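Remarks on the structure that follows.
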Amino acid sequence: MKRRAVRRLPRSEGPWAWLAAGSVAVSLLMLGGLLLLIAVRGLGHFWPASVALVTLDDGRAIAGRATRELPLVGQEGNERLYFTGNRDFDGHVWEWIPVSAIASQQRPVDLVVLERRRYGDFIGRLVAVGPVGLSVDHPDQEAVWPRLQARLQAQQALRDERDRLVRDTLRPLVQRVDANPGDHDAREALAEVNDKVRALQAGMHGEVAIVESVGGRRLEQPLDEVLRAWRPNAMSPVEKLMAWAQNVWRFLSEGPRDVNATGGVWPAIFGTVLMVLLMSLLVTPFGVLAAVYLNEVAHQGRMTHLVRIAVRNLAGVPSIVYGVFGLGVFVYGIGSSLDEWFFSDALPSPTFGTGGLLWASLTLALLTLPVVIVATEEGLARIPVEQREGALALGATRLETLTRVVLPMAVPAMLTGVILAVARAAGEVAPLMLVGVAKLAPQVPVDGEFPYLHLERKFMHLGYHIYDTAFHGNDVQAAMPVVYATALLLVLVILLLNLTAILLRHYFRARHGVLARQP
Amino acid sequence: MSRPPRLQPATSGSIIDFPPEASCLAIEGLSLAYGGKSALRGISLRVPRHRVTAFIGPSGCGKSTLLRALNRLHDLNEEASHEGRILLEGQDIHSPEVAVDELRRRVGMVFQVPNPFPMSIYENVAFGLRLQGGLTRRRMDDIVEWALDAAALWGEVKDRLRASAWSLSGGQQQRLAIARALAVRPEVLLLDEPASALDPISTLKIEELIRGLKSQLTLILVTHNMQQAARVSDYTAFLQDGELVEYAPTDNLFTNPSLRRTENYITGRMA
């Protein structure tokens with residue numbers, strides 16, 4: 001087989017063919033390796049890994065998830081990194097243990113992991129569940145575990161009901177009272193709902209789980225602070241898979257918690273996609289019109305040639321320069337003026353005079369404008385002259401020829417431009433840091449409040465989220481898998497956006513069999 | 001084209017003339033240049049109404065240029081300039097009273113390469129009608145059917161009018177282009193080597209079509225296929241180096257050319 005492959009390469013270009021093929025292979029390997037790395041590291045983060053109970057030579061016991069193993073510096077053997085949780089006891093959640101110091105290792109099924117709103121995970125044993133101040137003379141773990149599950153479900157139901165009440169009843173009432181302070185009916189209803197919410201909250205308080213670390217320290221953990229509990233060592237692979245899927249879903253659908261190090265990235269996904277869509281909406285008409293002018297209207301002289309060169313070179317300007325431009329012109333220039341004219345009530349706190357979704361989209365639209373212009377122009381230039389002359393010969397004016405024949409034929413080329421623009425814009429972070437991205441903006445810019453789309457709001461972005469989690473968290477070890485997961489997500493989001501545009505382009509091409517005709 | 005422009009007009013052969021009332025188009029002393037480069041020099045001829053007139057001549061002789069001058073497609077080229085007059089039914093087509101889109105409606109054109117628009121077959125034929133506007137749906141349907149029928153295409157496409165025009169074969173596409181031109185009821189139809197990109201059978205169909213259409217309108221055909229000119233046209237004009245050399249009834253021109261160089265060309269001794 002190998003000899004035949006060698007012989008099949010044309011002799012005259014032997015080494016060059018190998019060099020070219022080798023370059024392609026290396027590129028593909030690097031791309032595949034990159035994707036594999038972020039996929040494995042990112043997706044592994046959501047797997048409910050087993051918890052080991054480790055007894056050391058000195059008799060100390062720790063419980064935790066083994067995450068990494070590195071050779072010891074200057075000594076024989078390895079040391080292993082355990083995630084031990086329990087920040088409220090120890091002040092830290094990671095522990096390096098030399099492998100040689102481990103006396104024994106077990107995986108007891110009764111180890112529980114509690115995901116908590118504060119202090120991160122707790123790892124240890126469950127002792128009792130009940131009202132505040134219950135006594136714990138007879139720990140009976142088999143009965144306690146189902147009880148904890150039941151109580152957590154009840155807590156979740158209460159929480160859901162409260163959230164629903166706040167969203168559907170309380171907020172509208174508050175708005176009514178704000179709009180019309182004399183509305184007594186609304187005031188009464190509001191007081192009533194408030195009482196209900198308080199009652200629900202009271203029902204959530206007052207329940208605790210008594211838990212004990214493997215070191216023997218006890219803790220009364222209020223249940224309304226516990227998000228979820230599981231016993232990874234008792235789970236079957238199928239249960240683990242389901243828990244994994246659930247974790248992935250929560251990552252995708254929830255907002256971030258705990259300085260972005262845990263929780264989900266939904267606002268960032270939403271912000272990224274919305275910003276890219278807005279950017280496409282802004283850049284397409286401008287780019288297409290500019291290309292039409294350059295290719296169809298303008299006199300093809302030296303000046304047009306110069307403009308064309310300038311446009312192509314604009315594509316090479318570093319993105320941070322666009323960010324500075326956006327900050328100076330859009331945010332401080334136009335935004336401040338808008339504030340003075342239309343939002344003077346809110347001053348000195350700025351409305352449009354600070355970074356926001358609109359300015360970020362506009363800045364990126366500017367950044368990607370050359371790409372759209374160039375792609376559209378190339379598409380227009382490829383349209384056979386017979387098409388234009390055919391329309392003109394039927395008595396169409398130049399404008400009619402353009403709108404009815406030329407532009408419809410150039411749609412695939414325009415979409416190519418949009419695809420390239422999306423690919424470039426979705427990955428940009430640097431300019432966004434100047435014109436509107438936020439570290440934490442749990443409220444997405446679209447909601448039920450008029451005008452529904454809040455262009456002035458700051459938004460979260462996956463790319464910036466990666467940067468922020470990686471460098472500005474307080475726990476680098478915990479942030480790392482989140483960074484990988486977010487990176488994977490960013491790649492997938494860009495892929496999805498591009499795929500949409502590619503399918504759209506395919507549809508337009510296939511509609512009239514252009515595929516067969518275009519060179 | 002590379003030779004220096006001649007100052008003296010070449011010796012002309014016989015040029016047939018028609019009385020003004022029998023001619024539809026009159027070209028009077030037309031000269032045309034692209035950015036100082038001469039393409040046509042002092043062409044004068046009349047095109048008889050309801051006949052097929054062929055322009056023949058070697059590549060670069062200016063026959064296509066002359067054809068495209070007749071519906072002012074040259075306006076697109078900023079460097080083109082002309083002298084002389086072209087009269088359509090007695091009116092100068094370059095006069096300010098003549099709107100160029102109106103002129104092109106009256107003088108239709110079919111191109112060398114089939115150029116259906118990226119729309120359905122129906123919309124292609126209706127394209128010119130929609131530009132004019134003011135037609136009811138039923139009237140539009142009638143005209144589209146008539147035009148497709150006149151272009152001998154109706155039977156092949158009547159069941160798939162909504163299909164893309166690009167799904168048709170090359171020959172069908174060219175007949176569609178003819179139907180599209182006919183739909184706006186032109187007085188003159190210009191055909192620029194309409195069959196040069198087609199297979200022999202499609203070519204035959206187009207030729208039959210051209211012969212059949214002359215009862216309804218005046219046709220001018222540019223071709224470099226001598227047999228085609230002989231088969232299809234009533235009168236033939238032979239052009240060389242941007243000048244009209246000989247213009248005669250087709251039978252006369254092909255059997256008894258008055259000049260040696262006409263004879264050389266049509267017998268293939270010079271290409």
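All residue names refer to the structure tokens as shown: chains lettered A, B, ... in order, residues numbered from 1 in each chain, ligands numbered from 1 in order.
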Residues of chain A at most 8 Å from chain B: nearest atom pair and distance in Å, only C-alpha atoms, as JSON lines:
{"residue": "A:Glu386", "atom": "CA", "partner": "B:Asn115", "partner_atom": "CA", "distance": 6.0}
{"residue": "A:Gln387", "atom": "CA", "partner": "B:Asn115", "partner_atom": "CA", "distance": 5.7}
{"residue": "A:Glu389", "atom": "CA", "partner": "B:Leu73", "partner_atom": "CA", "distance": 7.6}
{"residue": "A:Gly390", "atom": "CA", "partner": "B:Asn115", "partner_atom": "CA", "distance": 6.8}
{"residue": "A:Leu392", "atom": "CA", "partner": "B:Arg104", "partner_atom": "CA", "distance": 7.4}
{"residue": "A:Ala393", "atom": "CA", "partner": "B:Arg104", "partner_atom": "CA", "distance": 5.4}
{"residue": "A:Leu394", "atom": "CA", "partner": "B:Gly128", "partner_atom": "CA", "distance": 5.5}
{"residue": "A:Gly395", "atom": "CA", "partner": "B:Asp101", "partner_atom": "CA", "distance": 4.2}
{"residue": "A:Ala396", "atom": "CA", "partner": "B:Asp101", "partner_atom": "CA", "distance": 6.2}
{"residue": "A:Thr397", "atom": "CA", "partner": "B:Asp101", "partner_atom": "CA", "distance": 6.4}
{"residue": "A:Val405", "atom": "CA", "partner": "B:Phe117", "partner_atom": "CA", "distance": 6.4}
{"residue": "A:Pro408", "atom": "CA", "partner": "B:Pro118", "partner_atom": "CA", "distance": 7.6}
{"residue": "A:Met409", "atom": "CA", "partner": "B:Pro118", "partner_atom": "CA", "distance": 6.7}
{"residue": "A:Arg511", "atom": "CA", "partner": "B:Ser164", "partner_atom": "CA", "distance": 7.5}
{"residue": "A:His512", "atom": "CA", "partner": "B:Ser164", "partner_atom": "CA", "distance": 5.3}
{"residue": "A:Gly513", "atom": "CA", "partner": "B:Trp166", "partner_atom": "CA", "distance": 6.2}
{"residue": "A:Val514", "atom": "CA", "partner": "B:Trp166", "partner_atom": "CA", "distance": 7.8}
task: Determine the nearest neighbour of B:Ile43 from the options B:Glu246, B:Asp199, B:Glu97, B:Glu208, counting only C-alpha atoms.
output: B:Glu246
message: Give me, as a count of residues only, all polymer residues having an atom no more than 12 Å from stretch 32-38 of chain A, counting only C-alpha atoms and skipping those fewer than 6 positions away in the same chain.
response: 17
May I have the residues within 6 Å of stretch 267-278 of chain A as a CSV table (one decimal) with C-alpha atoms, in the first residue's frame, using only C-alpha atoms and disregarding those fewer than 2 positions away in the same chain?
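Ended up saving to around11.csv:
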chain,number,residue,atom,x,y,z
A,265,VAL,CA,-22.7,30.8,31.5
A,280,SER,CA,-24.6,41.1,11.4
A,281,LEU,CA,-27.7,43.2,11.1
A,361,SER,CA,-22.2,45.7,18.2
A,442,PRO,CA,-26.8,38.2,35.1
A,444,VAL,CA,-29.7,39.3,29.8
A,459,PHE,CA,-23.7,42.3,28.6
A,460,MET,CA,-21.6,39.2,29.2
A,461,HIS,CA,-19.5,37.5,26.5
A,462,LEU,CA,-18.0,34.0,26.4
message: So that I can see what lies close to A:Ala298, please list as a ChimeraX atom specification the residues with an atom at most 12 Å from it, counting only C-alpha atoms and leaving out residues fewer than 5 positions away in the same chain.
response: /A:289-293,303-305,307-308 /B:78
Selected residues written out, C-alpha atoms, as a compact mmCIF listing (two decimals), in the first residue's frame:
# COMPACT_ATOMS: atom_id res chain seq x y z
CA LEU A 289 -24.29 49.22 -0.11
CA ALA A 290 -20.62 50.17 -0.04
CA ALA A 291 -19.74 47.24 -2.32
CA VAL A 292 -22.56 48.13 -4.71
CA TYR A 293 -21.30 51.69 -4.86
CA MET A 303 -9.82 57.19 -6.77
CA THR A 304 -12.00 54.06 -6.65
CA HIS A 305 -8.88 51.97 -6.82
CA VAL A 307 -10.62 53.46 -1.84
CA ARG A 308 -10.60 49.76 -2.58
CA GLU B 78 -18.06 55.43 -20.77
So that I can check the surroundings of A:Pro108, please list as a CSV table (one decimal) with N, CA and C atoms, in the first residue's frame every protein, DNA and RNA residue that reaches within 9 Å of it, counting only C-alpha atoms and ignoring chain neighbours fewer than 3 positions away.
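And here's around28.csv as it stands now:
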chain,number,residue,atom,x,y,z
A,51,VAL,N,-15.2,10.1,45.1
A,51,VAL,CA,-14.5,10.7,46.2
A,51,VAL,C,-13.7,9.7,47.0
A,52,ALA,N,-12.4,9.9,47.2
A,52,ALA,CA,-11.6,9.0,47.9
A,52,ALA,C,-11.4,9.4,49.3
A,53,LEU,N,-11.5,8.4,50.2
A,53,LEU,CA,-11.1,8.6,51.6
A,53,LEU,C,-9.7,8.1,51.8
A,111,LEU,N,-20.0,8.7,51.6
A,111,LEU,CA,-19.5,10.1,51.5
A,111,LEU,C,-20.5,10.9,50.7
A,233,ASN,N,-19.9,8.0,45.2
A,233,ASN,CA,-19.3,6.6,45.2
A,233,ASN,C,-20.5,5.6,45.2
A,234,ALA,N,-21.7,6.0,45.4
A,234,ALA,CA,-22.8,5.1,45.4
A,234,ALA,C,-23.5,5.1,44.1
message: Taking only C-alpha atoms into account, name the residue in A:Pro256, A:Gly182, A:Thr262, A:Ala189 that is nearest to A:Val476.
response: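 Selected residue with least distance to A:Val476: A:Thr262.
For A:Ile309, the set of protein, DNA and RNA residues having any atom at most 12 Å away, when counting only C-alpha atoms and skipping those fewer than 6 positions along the same chain, is Leu294, Arg302, Met303, Ala315, Gly316, Pro370, Ile373 and Val374 of chain A.
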Pick from B:Leu45, B:Leu176, B:Leu213, B:Ala33 nearest to B:Ile86, counting only C-alpha atoms: B:Leu45
message: So the first atom is atom CA of A:Gly463 and the second is atom CA of A:Trp266; what is the distance between them in Å, to one decimal place?
response: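 Rounded to one decimal, the two atoms are 13.1 Å apart.
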- request: Please run DSSP on the backbone and report, as JSON, numbers by chain, all residues within stretch 131-177 of chain B that come out as helix (DSSP H, G or I).
  value: {"B": [131, 132, 137, 138, 139, 140, 141, 142, 143, 144, 145, 146, 147, 148, 149, 150, 154, 155, 156, 157, 165, 166, 167, 170, 171, 172, 173, 174, 175, 176, 177]}
task: Going by DSSP on the backbone, which bits of stretch 226-363 of chain A are strand (DSSP E or B)? Write them as a list in words, please.
output: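 Restricting stretch 226-363 of chain A to strand (DSSP E or B) produces Val226, Leu227, Arg228, Ala229, Trp230, Pro256, Arg257, Thr262 and Gly263 of chain A.
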Dump as a PDB file, in the first residue's frame, selection limited to N, CA and C atoms:
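Result written to selection21.pdb:
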ATOM      1  N   VAL A 226     -28.155  24.870  50.475  1.00  0.00           N
ATOM      2  CA  VAL A 226     -27.682  23.705  49.736  1.00  0.00           C
ATOM      3  C   VAL A 226     -28.423  23.627  48.408  1.00  0.00           C
ATOM      4  N   LEU A 227     -27.678  23.581  47.331  1.00  0.00           N
ATOM      5  CA  LEU A 227     -28.310  23.498  46.012  1.00  0.00           C
ATOM      6  C   LEU A 227     -28.595  22.057  45.631  1.00  0.00           C
ATOM      7  N   ARG A 228     -27.600  21.210  45.810  1.00  0.00           N
ATOM      8  CA  ARG A 228     -27.783  19.803  45.458  1.00  0.00           C
ATOM      9  C   ARG A 228     -26.890  18.954  46.343  1.00  0.00           C
ATOM     10  N   ALA A 229     -27.255  17.683  46.445  1.00  0.00           N
ATOM     11  CA  ALA A 229     -26.417  16.767  47.212  1.00  0.00           C
ATOM     12  C   ALA A 229     -26.321  15.465  46.436  1.00  0.00           C
ATOM     13  N   TRP A 230     -25.151  14.849  46.448  1.00  0.00           N
ATOM     14  CA  TRP A 230     -25.058  13.521  45.827  1.00  0.00           C
ATOM     15  C   TRP A 230     -23.984  12.694  46.498  1.00  0.00           C
ATOM     16  N   PRO A 256     -23.883  32.694  36.349  1.00  0.00           N
ATOM     17  CA  PRO A 256     -22.683  32.368  37.116  1.00  0.00           C
ATOM     18  C   PRO A 256     -22.869  32.630  38.616  1.00  0.00           C
ATOM     19  N   ARG A 257     -22.094  31.909  39.435  1.00  0.00           N
ATOM     20  CA  ARG A 257     -22.096  32.120  40.877  1.00  0.00           C
ATOM     21  C   ARG A 257     -20.656  32.236  41.351  1.00  0.00           C
ATOM     22  N   THR A 262     -17.969  29.220  39.427  1.00  0.00           N
ATOM     23  CA  THR A 262     -18.902  28.107  39.288  1.00  0.00           C
ATOM     24  C   THR A 262     -20.204  28.628  38.703  1.00  0.00           C
ATOM     25  N   GLY A 263     -21.169  27.727  38.641  1.00  0.00           N
ATOM     26  CA  GLY A 263     -22.436  28.117  38.052  1.00  0.00           C
ATOM     27  C   GLY A 263     -22.359  28.034  36.553  1.00  0.00           C
TER      28      GLY A 263
END
- prompt: So how many Å separate atom CA of A:Ser100 and atom CA of A:Trp47, to one decimal?
  reply: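 Value for the atom CA of A:Ser100-atom CA of A:Trp47 distance: 27.3 Å.
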Nearest to B:Pro194, chosen from B:Asp92, B:Ser64, B:Val98, B:His82, with only C-alpha atoms counted in the distances: B:Ser64
